[in-house]
Amino acid sequence: MRRKDWTRVVILIVALAGGLVVVSVLFYAVLAAFKSPGESFGSGSSWFPEEWQWGNLIKPFEIAPFGTYFLNSTFVGITVTILNLITCTAAGYSFSKFRYRGRQAAFVVVLATLMVPLEVLYVPLYKLVFDLGWVNSFAGLIVPAATSAFGIFLMKQSIDSVPDELLEAARLDGAGELRTLVSIVVPGVVGPMSALALFIFMTNWDSHLWPLLVASSDQYRTLPVGLAAMQANNLGDTGVPIILMAALLAVLPTVLLFLTLQRRFVDGIAMTAGLK
Amino acid sequence: MSSPSVTTRSSGSSSRGAASRARRSLTGFLFAVPALALFLVFAIYPGVQVFGLSLFDYSLTSPPVFVGFDNFVFLSTDPRFGEALAQTAFYAVGTYVPALALALVLAQALSTRIRGMGLARLFYFLPLAMSWVAVSIIWRVVLHPDGLLNQVLGLDVNWLTSSDSAKWALVIMSIWKETGFFLILFLAGLASIPPDVYEAARIDGAGAWRRFWYMTFPLLRPVTAVCAIMAILRGMQSFSPQAVLTDGAFGTEVVNLFVYKTAFESARMGRASAVAVLMFVLLLGLALVQLRALRRKD
Amino acid sequence: MTTQRTLAALATASLAVAALAGCSPSGNDGDVTISFWTHTHPPMIEVYETLIDEYEKANPGVTVDYQTIPNNEFNTKMLTSLSNGSGPDIINMDDSALRGDYIPKGLLAPVDPAALGESSVDDVQARYVEGTLEGATGDDGQLYGLPSEFNGTALAINVAHFADAGLDPEVPLETWDDLVAAGQKLAAAGHTQAFSFLYLHSGWYSQQYQTLLHQTGGSIADGDTGTLDSPESVEALQWWADLSGGDKSVGDPNKTSREATVPFQDLATGFQSMGIVYPWAMDQIAETNPETYANLKVVPLPQVDASNPSSRVYAYYWAVNKASKQQEASWKFVQFLSEHSEDFLTGTDFVQPLVGWEQSAAAQDIPFIETWGAAYATGKFDQVTPHYAEVQDAIAEMVNDAVFDGVAVEESAKNASDTVTRILQG
């Protein structure tokens, strides 16, 4: 019916317009990142740079160990993701397909930690990591984050839907538990696993507070901490465009990841609410 | 009672079956050990320690000194802590109520099946793929008196240098960032409602608003509940935006930032732990209230 | 049995050898690595890197592990890493932190005259202009560091702007009222941002506030009670507020750049006509905006009471971590650094107040050296209290209240004073 079509087009236009408003902030930032330092504010400054300072793209790398920050975030992010996949899948398998004393209690305890955010723990956690000698090391950044209650919950839910008969069949064929996990269970939950991987990676990329405490030297700094430091530091000849450029470069990987793997990522988030 | 020489599908009552069951249980348990060990060391242990630490005065560079409940007494009359609590509540409510409402409304519109909606959705999702620190740095420029926000609104507000407006600036930025996340959840929620439900309502002649209020919204209750819990957690944990935009100045110091400064800048880890204990109790209380509300509605 | 005894003997012997090999005195044989942390200031970093290169070449076997920490986290990082013997061997800290935290907490080692090449601490002290080592001296009278930079406070004026306003840059601005008068003429000539304070992290707030406080004779605390609401302290805040809003206003604080990456940006880009500066600030402006730098003149700081001039001095010192395992090697490196004061002067305008420094060739090259010399003469160190980081936050909030939120000066001062009392008694 014509009226319904019109309504839908109007909805689309309004939705697109709203979306453009949201994106306009990024558009503004990208343009501002290519300005020369003096142009940023003041009356009469337009959105567009007078002259595109293409050199701004590499400036963040010149004024600070920006490349190191990137590498560190990548290294820590990938390692934490892999460790999470291993520990959460194994634990999810354990809680889902096995029976042993204390299993229920352990699962409840794991779920309970979901309610206790890092913010409550980080003072004594810092002291612990400090006593272990892990301040200013990758161990301090990686090991405390190597597993997550959310991941375990997600994997348990997902593994629940792997049919028991498949596992029985594998056992009868003489497969050990590990083999069963790797060749039967994992292929069955690749979807949730990849969503989890994406989610963990993105969350870790964003992590600010813990790395701020643990990684004080430039050698171990991750991107958020490095960015915040760059912004607050007397770096000489920089100014607004360069810091903006640094921030934009810092979000590029996760934005690209999101754009290419949007479906997986959306699924992952939906799974956090138990909606998939 | 002959013990079959051929193993059957069902677990046998033979002793061999029991032994292998026990072995299976053990192996199963072992699979969970890495994760459990990590939790024990890096979550449970510090979790218990927080309570202990809160009874001490500990500056990290000198040995801890037992002070009993002094930290709690101090906090109970500390204007700075009170303001941090108020600020956190303001931020959480001011950001997440509009964000959830917006996400709900947008989800309705964006779930319309029409070409181009995917692109529109993408626009709204982008902010959630960006880290808080980067977003804050970008918004510092947007919030400059000569920046984008004032230009668009036609105002001349000193967003980040006034106690009247700084907290609103944070809220505006956070709504921009967080709506997309909840939009995903509501979209997923809407997608899980079978279309025949709508058909039935439409056939009955129900208008769009009635359809939404009496049909859709009740069906979305579980999603909304999860969103609400997540929103509260995210709101209370806020740190990066305040740290980067204003460093807590102009009335924007939230509890998390207060804990950080108390522990690491003022070197009072005992008092910071006391705050953490209070926050834990508060969060627990909120979670229980929410769960009760959720269960009662069912 | 005999084999066992032989083995045991061998084991003990090898253990003994290993132990002896392990205990080589540092600096003499074996490789030594000294860690050295400073804050972040690009021209200074360059000077250090050059000097470290030189030192390592002249002393093979010694490696200096140099790290720069972001300025807004510097205090935090230092404090948290100094516990339990971790943290750098050599620290480069400002006098407030040294006197407020590190010395009282016993985190530093007293200077080692032998490693510095002198026979007594008195001889070490005799190298420096009197009074300049106060910033690293504990209440026990012990000296804990040597100065790496010693800063006085002055005013920079843009003579091109002055010409526009018909002002004569040679006429001194003796009082803040003189500055206000000049500011009003500058505004009339189109330079509306005639003067502004800087509003970066709380350290900047407290150092500018203490500058005014020295001039009015106010104080932050008396014992464990805050005195920010005393008449003299309120007077200091009143000046700050007056200069930023109201009839005496000479600039809009909301328009002041808050980009910590370039602290003196407004002055350097010619947006602001006058500003409070330190020697290293002039050097930085010279590097980032040479055209504006050519128009800047350094003049004495305006005073509240012209007959009783006072300027603020602050200093950074090289100090050695008490828990350091190579203290001697560290002091030796400090000694080396202190012998290169001219490199610091030329590279970054850092003054190291060795006796006779003004006569050195490098010093003669510093523009306005007489002004800086005079500023040092009337300079005073900051007042420091325990928990100084929290006190600085209270001062910053006080200024924000009065300047940006329009809270009455007395009320802002009273609130801050109460906060300081809570901090000191809490």
# chains A, B, ... in the order shown; residues from 1 in each chain; ligands from 1

call {"tool": "residues_around", "arguments": {"residues": "C:Gly217", "least_positions_apart": "6", "cutoff": "10 Å", "atoms": "only C-alpha atoms", "output": "MDAnalysis selection string"}}
result
chainID C and resid 210 231:233 235:236 304 310

call {"tool": "write_last_selection", "arguments": {"atoms": "N, CA and C atoms", "output": "tab-separated table (two decimals), in the first residue's frame"}}
result
chain	number	residue	atom	x	y	z
C	210	GLN	N	51.06	30.05	44.45
C	210	GLN	CA	52.14	30.30	45.41
C	210	GLN	C	52.94	31.54	45.02
C	231	PRO	N	43.48	36.49	55.67
C	231	PRO	CA	43.36	37.68	54.81
C	231	PRO	C	44.43	37.75	53.73
C	232	GLU	N	45.69	37.40	54.12
C	232	GLU	CA	46.75	37.51	53.12
C	232	GLU	C	46.58	36.49	52.01
C	233	SER	N	46.13	35.28	52.38
C	233	SER	CA	45.93	34.26	51.35
C	233	SER	C	44.77	34.63	50.46
C	235	GLU	N	43.85	37.54	49.77
C	235	GLU	CA	44.28	38.62	48.89
C	235	GLU	C	44.90	38.05	47.61
C	236	ALA	N	45.69	37.00	47.77
C	236	ALA	CA	46.33	36.39	46.60
C	236	ALA	C	45.27	35.87	45.63
C	304	VAL	N	52.64	42.75	44.18
C	304	VAL	CA	51.54	43.30	44.97
C	304	VAL	C	52.04	44.53	45.72
C	310	SER	N	58.97	40.09	45.49
C	310	SER	CA	59.21	38.67	45.75
C	310	SER	C	58.90	37.90	44.48

call {"tool": "residues_around", "arguments": {"residues": "stretch 88-99 of chain A", "least_positions_apart": "3", "cutoff": "6 Å", "atoms": "only C-alpha atoms", "output": "PyMOL selection string"}}
result
(chain A and resi 84-85+151-152+155-156+160) or (chain B and resi 25+28+31-32)

call {"tool": "write_last_selection", "arguments": {"atoms": "C-alpha atoms", "output": "mmCIF file, in the first residue's frame"}}
result
data_model
loop_
_atom_site.group_PDB
_atom_site.id
_atom_site.type_symbol
_atom_site.label_atom_id
_atom_site.label_comp_id
_atom_site.auth_asym_id
_atom_site.auth_seq_id
_atom_site.Cartn_x
_atom_site.Cartn_y
_atom_site.Cartn_z
ATOM 1 C CA ASN A 84 40.577 -16.301 26.948
ATOM 2 C CA LEU A 85 39.483 -18.593 24.145
ATOM 3 C CA GLY A 151 33.493 -15.722 28.339
ATOM 4 C CA ILE A 152 32.960 -18.763 30.510
ATOM 5 C CA MET A 155 30.949 -20.773 26.159
ATOM 6 C CA LYS A 156 28.972 -22.849 28.614
ATOM 7 C CA ASP A 160 25.158 -26.738 26.119
ATOM 8 C CA SER B 25 34.796 -36.298 36.237
ATOM 9 C CA GLY B 28 36.254 -32.529 33.392
ATOM 10 C CA PHE B 31 39.426 -28.431 32.204
ATOM 11 C CA ALA B 32 38.028 -25.782 34.474
#

call {"tool": "interface_residues", "arguments": {"of": "chain C", "to": "chain A", "cutoff": "8 Å", "atoms": "only C-alpha atoms", "output": "VMD selection string"}}
result
chain C and resid 40 to 42 67 to 72 77 259 to 263 269 284 288

call {"tool": "select_by_dssp", "arguments": {"residues": "stretch 45-269 of chain B", "states": "alpha helix (DSSP H)", "output": "number ranges by chain"}}
result
B: 45-53, 70-76, 79-110, 117-125, 132-142, 148-153, 166-191, 195-203, 208-210, 217-219, 221-236, 240-245, 255-260, 269

call {"tool": "residues_around", "arguments": {"residues": "A:Leu166", "least_positions_apart": "2", "cutoff": "12 Å", "atoms": "only C-alpha atoms", "output": "CSV table (one decimal) with C-alpha atoms, in the first residue's frame"}}
result
chain,number,residue,atom,x,y,z
A,97,LYS,CA,29.3,-31.5,29.9
A,159,ILE,CA,28.5,-25.8,24.5
A,161,SER,CA,23.7,-26.9,22.6
A,162,VAL,CA,26.3,-29.4,21.4
A,163,PRO,CA,24.4,-32.7,21.3
A,164,ASP,CA,25.6,-35.2,24.0
A,168,GLU,CA,29.4,-40.1,23.5
A,169,ALA,CA,30.1,-41.3,20.0
A,170,ALA,CA,33.6,-39.8,20.1
A,171,ARG,CA,34.2,-41.4,23.5
A,172,LEU,CA,33.2,-44.7,22.3
A,173,ASP,CA,35.6,-44.4,19.4
A,175,ALA,CA,38.9,-40.4,21.8
A,180,THR,CA,36.8,-34.7,22.0
A,181,LEU,CA,37.0,-31.0,23.0
A,183,SER,CA,37.6,-32.1,17.3
A,184,ILE,CA,34.0,-32.3,18.3
A,185,VAL,CA,33.1,-29.4,20.6
A,187,PRO,CA,33.9,-27.0,15.6
A,188,GLY,CA,30.4,-26.9,16.9

call {"tool": "decode", "arguments": {"residues": "stretch 178-247 of chain B", "atoms": "C-alpha atoms", "output": "JSON list (two decimals), in the first residue's frame"}}
result
[["chain", "number", "residue", "atom", "x", "y", "z"],
["B", 178, "GLU", "CA", 26.75, 4.24, 24.37],
["B", 179, "THR", "CA", 23.46, 4.36, 22.48],
["B", 180, "GLY", "CA", 24.81, 2.16, 19.70],
["B", 181, "PHE", "CA", 25.67, -0.63, 22.09],
["B", 182, "PHE", "CA", 22.17, -0.85, 23.50],
["B", 183, "LEU", "CA", 20.74, -0.43, 20.03],
["B", 184, "ILE", "CA", 22.36, -3.72, 19.12],
["B", 185, "LEU", "CA", 20.74, -5.41, 22.09],
["B", 186, "PHE", "CA", 17.30, -4.03, 21.38],
["B", 187, "LEU", "CA", 17.56, -4.90, 17.71],
["B", 188, "ALA", "CA", 18.42, -8.44, 18.67],
["B", 189, "GLY", "CA", 15.53, -8.45, 21.08],
["B", 190, "LEU", "CA", 13.13, -7.22, 18.45],
["B", 191, "ALA", "CA", 14.43, -9.76, 15.97],
["B", 192, "SER", "CA", 13.59, -12.54, 18.34],
["B", 193, "ILE", "CA", 9.94, -11.58, 18.46],
["B", 194, "PRO", "CA", 8.08, -13.74, 15.98],
["B", 195, "PRO", "CA", 6.54, -11.64, 13.20],
["B", 196, "ASP", "CA", 3.15, -13.31, 13.52],
["B", 197, "VAL", "CA", 2.77, -11.53, 16.83],
["B", 198, "TYR", "CA", 2.79, -8.24, 14.98],
["B", 199, "GLU", "CA", 0.57, -9.56, 12.26],
["B", 200, "ALA", "CA", -2.00, -10.59, 14.80],
["B", 201, "ALA", "CA", -1.95, -7.15, 16.39],
["B", 202, "ARG", "CA", -2.12, -5.36, 13.07],
["B", 203, "ILE", "CA", -5.05, -7.43, 11.95],
["B", 204, "ASP", "CA", -6.78, -6.49, 15.15],
["B", 205, "GLY", "CA", -6.42, -2.90, 14.02],
["B", 206, "ALA", "CA", -4.05, -1.81, 16.76],
["B", 207, "GLY", "CA", -2.20, 1.43, 15.99],
["B", 208, "ALA", "CA", 1.58, 1.66, 16.06],
["B", 209, "TRP", "CA", 1.81, 3.07, 19.55],
["B", 210, "ARG", "CA", -0.58, 0.48, 21.03],
["B", 211, "ARG", "CA", 1.26, -2.27, 19.24],
["B", 212, "PHE", "CA", 4.46, -1.08, 20.80],
["B", 213, "TRP", "CA", 3.27, -0.49, 24.33],
["B", 214, "TYR", "CA", 1.08, -3.54, 24.82],
["B", 215, "MET", "CA", 2.86, -5.99, 22.59],
["B", 216, "THR", "CA", 6.46, -5.19, 21.85],
["B", 217, "PHE", "CA", 7.57, -3.60, 25.07],
["B", 218, "PRO", "CA", 6.39, -6.40, 27.34],
["B", 219, "LEU", "CA", 8.09, -8.91, 25.08],
["B", 220, "LEU", "CA", 11.26, -6.89, 25.33],
["B", 221, "ARG", "CA", 11.25, -6.94, 29.09],
["B", 222, "PRO", "CA", 14.03, -9.53, 29.48],
["B", 223, "VAL", "CA", 16.26, -7.57, 27.12],
["B", 224, "THR", "CA", 15.45, -4.34, 28.89],
["B", 225, "ALA", "CA", 16.29, -5.93, 32.21],
["B", 226, "VAL", "CA", 19.66, -7.09, 30.98],
["B", 227, "CYS", "CA", 20.29, -3.69, 29.46],
["B", 228, "ALA", "CA", 19.41, -2.00, 32.72],
["B", 229, "ILE", "CA", 21.83, -4.14, 34.69],
["B", 230, "MET", "CA", 24.58, -3.57, 32.16],
["B", 231, "ALA", "CA", 23.86, 0.14, 32.12],
["B", 232, "ILE", "CA", 24.19, 0.42, 35.86],
["B", 233, "LEU", "CA", 27.48, -1.48, 35.84],
["B", 234, "ARG", "CA", 28.88, 0.59, 33.01],
["B", 235, "GLY", "CA", 27.74, 3.81, 34.59],
["B", 236, "MET", "CA", 29.27, 3.07, 37.94],
["B", 237, "GLN", "CA", 32.55, 1.96, 36.38],
["B", 238, "SER", "CA", 33.06, 5.12, 34.39],
["B", 239, "PHE", "CA", 36.62, 6.39, 34.54],
["B", 240, "SER", "CA", 38.21, 7.25, 31.19],
["B", 241, "PRO", "CA", 35.88, 10.03, 30.07],
["B", 242, "GLN", "CA", 36.23, 11.95, 33.31],
["B", 243, "ALA", "CA", 39.95, 11.34, 33.55],
["B", 244, "VAL", "CA", 40.62, 12.58, 30.03],
["B", 245, "LEU", "CA", 38.06, 15.36, 29.63],
["B", 246, "THR", "CA", 38.35, 17.15, 32.93],
["B", 247, "ASP", "CA", 40.51, 15.06, 35.27]]
